Protein chains: 2
Amino acid sequence: MTAAPVDFAHRVTTSDAVRHRRRGEALEGAIYDAVVDELAEIGYAALTIESVAARAHTGKASIYRRWPTKQELVVAAFCEKAGEAFDLVGTSMTATTTTRDALVHVGRRICALVRGGVGEAIRAVGAESSRDAELAAALDARVGCPKREALLGVLQRGVARGEVRPEAADELIAEVLPAMLLTRIIIQGLPVSDDHVVRVVDDVVMPLLRPV
Amino acid sequence: MTAAPVDFAHRVTTSDAVRHRRRGEALEGAIYDAVVDELAEIGYAALTIESVAARAHTGKASIYRRWPTKQELVVAAFCEKAGEAFDLVGTSMTATTTTRDALVHVGRRICALVRGGVGEAIRAVGAESSRDAELAAALDARVGCPKREALLGVLQRGVARGEVRPEAADELIAEVLPAMLLTRIIIQGLPVSDDHVVRVVDDVVMPLLRPV
DNA sequence: ACGGTAGGAGACGCGGGCGTTTCTTAGTAA
DNA sequence: TTACTAAGAAACGCCCGCGTCTCCTACCGT
């Protein structure tokens, strides 16, 4: 015994402007954008699948078809946005770029990435990952590793150029720059200016690197 | 027209063990403990007023009577736990304590504080505070300021003892130690060993402080 | 030109936490 | 001792988001 059929004829499916119907990657991109905007505006806790669907002008079904849970959706959006951020570090250095300038560049890139909705995602997903080892591993592979390698790469290049003492090309030292920026942005919630990045590099990181 | 009165006579209000009925501070302390345990086990998102009440063996009304929202409850619990943490820094140093040992001590204290449920609280409340300036200010006054002052105090004391170069008694330098520890614990969700604290102090912070 | 597939939109039933209220009773102050 | 306040416990109605399902239709391959 099913319920009486509902009359759908009254619905207006096309608004006055003829709506372009997106598919595949174009749709996924729009959903990722909606996720990040939603994170920035209302935060992870208040974010719902329904709110994302509404903002992306799509149906809930199109989202559920791709990601089973809110968490997986946010992780996917986050990885998408964070993915290329560190790949570009290597390619943007020329032979004349000093280690110091490379570090400033990486610092700015971290800030740009983490500003807005993506920072929210880090907090929220990081919170989950402290209780979910699988998620923690996935995040580390996608974001942690690239970041570590990018920074270690800069330091090792510096050693080769004679700008960095060899013992300073170390995982712990490489963590200093991201740690200083991320605590500000994510834990304290303060904005970080370009000027601040420069100060961290010049007053904290570079003194640790310089050969005696 | 009200609903028909409900018969409450069937309720068993006293379990077999005679339950001690707490009041005032004793009750509040039990609720704070329940909040922190709940944060550590299921996280901020999954925490509900009902789950806290159940764990603390109290009624929801007793909680709503004190805190209007989940957020305020968690903030209160967090401040309670974090409150004294930094006050003790000054008193635990003797005349013979070196700057290096004082820093290790502060580092361990930060780790101990942030481990478990309190770390969860920082993440969650920090997330809110990026959208709520008033909350951000309250948190900074309760936790951020004491932390900064404690660390700057250690550095200034080091200057007086000749262990620290004067220009290093700086806000930015003082941030290095907490930044290195907090990113590990809160953002990456990794445990931090005593050994790691020592390495951060000896390999990162101390080299920044030493007089030429 | 023409199915088939997937997208936009939203109804639907369900579950769970919210905030309130009700009731009994333990502890406290007068 | 007695009156009063607040604690422990749970029922209640409400709202809201979940996950599914249905409907219409734009787009794509052939």
# chains A, B, ... in the order shown; residues from 1 in each chain; ligands from 1

$ select_by_dssp --residues "chain A" --states "alpha helix (DSSP H)" --output "NGL selection string"
:A and (24-46 or 49-55 or 60-64 or 70-83 or 87-91 or 99-114 or 117-129 or 133-139 or 145-160 or 171-174 or 176-182 or 194-200 or 206-209)

$ interface_residues --of "chain C" --to "chain B" --cutoff "9 Å" --atoms "only C-alpha atoms (C1' of nucleotides)" --output "list in words"
DG17, DC18, DG19, DT20, DT22, DC23, DT24, DT25, DA26 and DG27 of chain C

$ write_last_selection --atoms "N, CA and C atoms (P, O5', C5', C4', C3', O3' and C1' of nucleotides)" --output "mmCIF file, in the first residue's frame"
data_model
loop_
_atom_site.group_PDB
_atom_site.id
_atom_site.type_symbol
_atom_site.label_atom_id
_atom_site.label_comp_id
_atom_site.auth_asym_id
_atom_site.auth_seq_id
_atom_site.Cartn_x
_atom_site.Cartn_y
_atom_site.Cartn_z
ATOM 1 P P DG C 17 21.063 12.462 19.868
ATOM 2 O "O5'" DG C 17 21.222 13.997 20.263
ATOM 3 C "C5'" DG C 17 21.564 14.935 19.264
ATOM 4 C "C4'" DG C 17 20.784 16.203 19.483
ATOM 5 C "C3'" DG C 17 20.788 16.715 20.925
ATOM 6 O "O3'" DG C 17 21.208 18.081 20.912
ATOM 7 C "C1'" DG C 17 18.582 16.614 20.091
ATOM 8 P P DC C 18 21.300 18.953 22.231
ATOM 9 O "O5'" DC C 18 20.074 19.932 22.039
ATOM 10 C "C5'" DC C 18 19.896 20.564 20.780
ATOM 11 C "C4'" DC C 18 18.661 21.456 20.832
ATOM 12 C "C3'" DC C 18 18.552 22.249 22.129
ATOM 13 O "O3'" DC C 18 18.398 23.637 21.851
ATOM 14 C "C1'" DC C 18 16.556 20.966 21.735
ATOM 15 P P DG C 19 19.014 24.692 22.906
ATOM 16 O "O5'" DG C 19 17.709 24.933 23.797
ATOM 17 C "C5'" DG C 19 16.584 25.541 23.161
ATOM 18 C "C4'" DG C 19 15.356 25.341 24.019
ATOM 19 C "C3'" DG C 19 15.532 25.774 25.486
ATOM 20 O "O3'" DG C 19 14.454 26.628 25.823
ATOM 21 C "C1'" DG C 19 14.628 23.593 25.350
ATOM 22 P P DT C 20 14.173 27.061 27.330
ATOM 23 O "O5'" DT C 20 12.891 26.193 27.685
ATOM 24 C "C5'" DT C 20 11.872 26.039 26.703
ATOM 25 C "C4'" DT C 20 10.679 25.269 27.287
ATOM 26 C "C3'" DT C 20 10.316 25.651 28.722
ATOM 27 O "O3'" DT C 20 8.915 25.848 28.800
ATOM 28 C "C1'" DT C 20 10.682 23.298 28.570
ATOM 29 P P DT C 22 4.324 22.585 33.870
ATOM 30 O "O5'" DT C 22 4.186 21.090 34.378
ATOM 31 C "C5'" DT C 22 4.322 20.003 33.470
ATOM 32 C "C4'" DT C 22 4.631 18.734 34.249
ATOM 33 C "C3'" DT C 22 4.277 18.800 35.732
ATOM 34 O "O3'" DT C 22 3.627 17.616 36.134
ATOM 35 C "C1'" DT C 22 6.560 18.208 35.469
ATOM 36 P P DC C 23 2.750 17.607 37.458
ATOM 37 O "O5'" DC C 23 3.633 16.677 38.393
ATOM 38 C "C5'" DC C 23 3.992 15.366 37.933
ATOM 39 C "C4'" DC C 23 5.152 14.850 38.748
ATOM 40 C "C3'" DC C 23 5.016 15.091 40.262
ATOM 41 O "O3'" DC C 23 4.821 13.846 40.915
ATOM 42 C "C1'" DC C 23 7.239 15.513 39.450
ATOM 43 P P DT C 24 4.645 13.815 42.490
ATOM 44 O "O5'" DT C 24 6.114 13.403 42.957
ATOM 45 C "C5'" DT C 24 6.672 12.176 42.465
ATOM 46 C "C4'" DT C 24 8.108 12.065 42.938
ATOM 47 C "C3'" DT C 24 8.286 12.075 44.470
ATOM 48 O "O3'" DT C 24 9.174 11.037 44.819
ATOM 49 C "C1'" DT C 24 9.647 13.732 43.483
ATOM 50 P P DT C 25 9.381 10.650 46.336
ATOM 51 O "O5'" DT C 25 10.737 11.414 46.677
ATOM 52 C "C5'" DT C 25 11.896 11.148 45.911
ATOM 53 C "C4'" DT C 25 13.010 12.078 46.344
ATOM 54 C "C3'" DT C 25 13.207 12.201 47.862
ATOM 55 O "O3'" DT C 25 14.590 12.273 48.108
ATOM 56 C "C1'" DT C 25 12.994 14.315 46.946
ATOM 57 P P DA C 26 15.232 11.515 49.364
ATOM 58 O "O5'" DA C 26 16.694 12.172 49.417
ATOM 59 C "C5'" DA C 26 17.381 12.387 48.192
ATOM 60 C "C4'" DA C 26 18.298 13.587 48.323
ATOM 61 C "C3'" DA C 26 18.967 13.770 49.671
ATOM 62 O "O3'" DA C 26 20.266 14.289 49.435
ATOM 63 C "C1'" DA C 26 17.616 15.645 49.229
ATOM 64 P P DG C 27 21.398 14.326 50.481
ATOM 65 O "O5'" DG C 27 21.472 15.881 50.849
ATOM 66 C "C5'" DG C 27 22.053 16.764 49.908
ATOM 67 C "C4'" DG C 27 21.628 18.179 50.203
ATOM 68 C "C3'" DG C 27 22.183 18.780 51.507
ATOM 69 O "O3'" DG C 27 22.856 19.976 51.166
ATOM 70 C "C1'" DG C 27 19.863 19.175 51.330
#

$ closest_residue --among "D:DC16, D:DA10, D:DC28, D:DA3" --to "chain B" --atoms "only C-alpha atoms (C1' of nucleotides)"
D:DA10

$ interface_residues --of "chain A" --to "chain B" --cutoff "6 Å" --atoms "only C-alpha atoms" --output "list in words"
Gly126, Ser130, Ala179, Met180, Thr183, Ile187 and Gly189 of chain A

$ write_last_selection --atoms "N, CA and C atoms" --output "PDB file, in the first residue's frame"
ATOM      1  N   GLY A 126      40.633  17.868  11.091  1.00  0.00           N
ATOM      2  CA  GLY A 126      41.663  17.506  12.052  1.00  0.00           C
ATOM      3  C   GLY A 126      41.066  16.974  13.329  1.00  0.00           C
ATOM      4  N   SER A 130      41.698  12.940  14.850  1.00  0.00           N
ATOM      5  CA  SER A 130      42.303  12.506  16.103  1.00  0.00           C
ATOM      6  C   SER A 130      41.574  11.281  16.641  1.00  0.00           C
ATOM      7  N   ALA A 179      54.306  25.901  11.255  1.00  0.00           N
ATOM      8  CA  ALA A 179      53.771  25.927  12.622  1.00  0.00           C
ATOM      9  C   ALA A 179      53.458  27.355  13.046  1.00  0.00           C
ATOM     10  N   MET A 180      54.360  28.277  12.772  1.00  0.00           N
ATOM     11  CA  MET A 180      54.151  29.662  13.180  1.00  0.00           C
ATOM     12  C   MET A 180      52.939  30.272  12.483  1.00  0.00           C
ATOM     13  N   THR A 183      49.361  28.164  13.575  1.00  0.00           N
ATOM     14  CA  THR A 183      48.793  28.453  14.897  1.00  0.00           C
ATOM     15  C   THR A 183      48.083  29.799  14.875  1.00  0.00           C
ATOM     16  N   ILE A 187      44.499  28.260  15.092  1.00  0.00           N
ATOM     17  CA  ILE A 187      44.208  28.147  16.516  1.00  0.00           C
ATOM     18  C   ILE A 187      43.764  29.472  17.091  1.00  0.00           C
ATOM     19  N   GLY A 189      42.927  32.131  15.204  1.00  0.00           N
ATOM     20  CA  GLY A 189      41.926  32.744  14.360  1.00  0.00           C
ATOM     21  C   GLY A 189      42.291  34.149  13.910  1.00  0.00           C
TER      22      GLY A 189
END

$ residues_around --residues "Gly59 (chain A)" --least-positions-apart "6" --cutoff "7 Å" --atoms "only C-alpha atoms (C1' of nucleotides)" --output "VMD selection string"
(chain A and resid 53) or (chain C and resid 8 to 9)

$ atom_distance --atom1 "CA of Ala137 (chain A)" --atom2 "CA of Ala82 (chain A)"
15.7 Å

$ interface_residues --of "chain D" --to "chain B" --cutoff "8 Å" --atoms "only C-alpha atoms (C1' of nucleotides)" --output "PyMOL selection string"
chain D and resi 7-9

$ atom_distance --atom1 "CA of Glu38 (chain A)" --atom2 "CA of Arg55 (chain A)"
8.1 Å

$ residues_around --residues "Gly153 (chain A)" --least-positions-apart "2" --cutoff "12 Å" --atoms "only C-alpha atoms (C1' of nucleotides)" --output "MDAnalysis selection string"
chainID A and resid 86:87 89:91 93 99 102:103 106 145:151 155:160 164 168:171 174
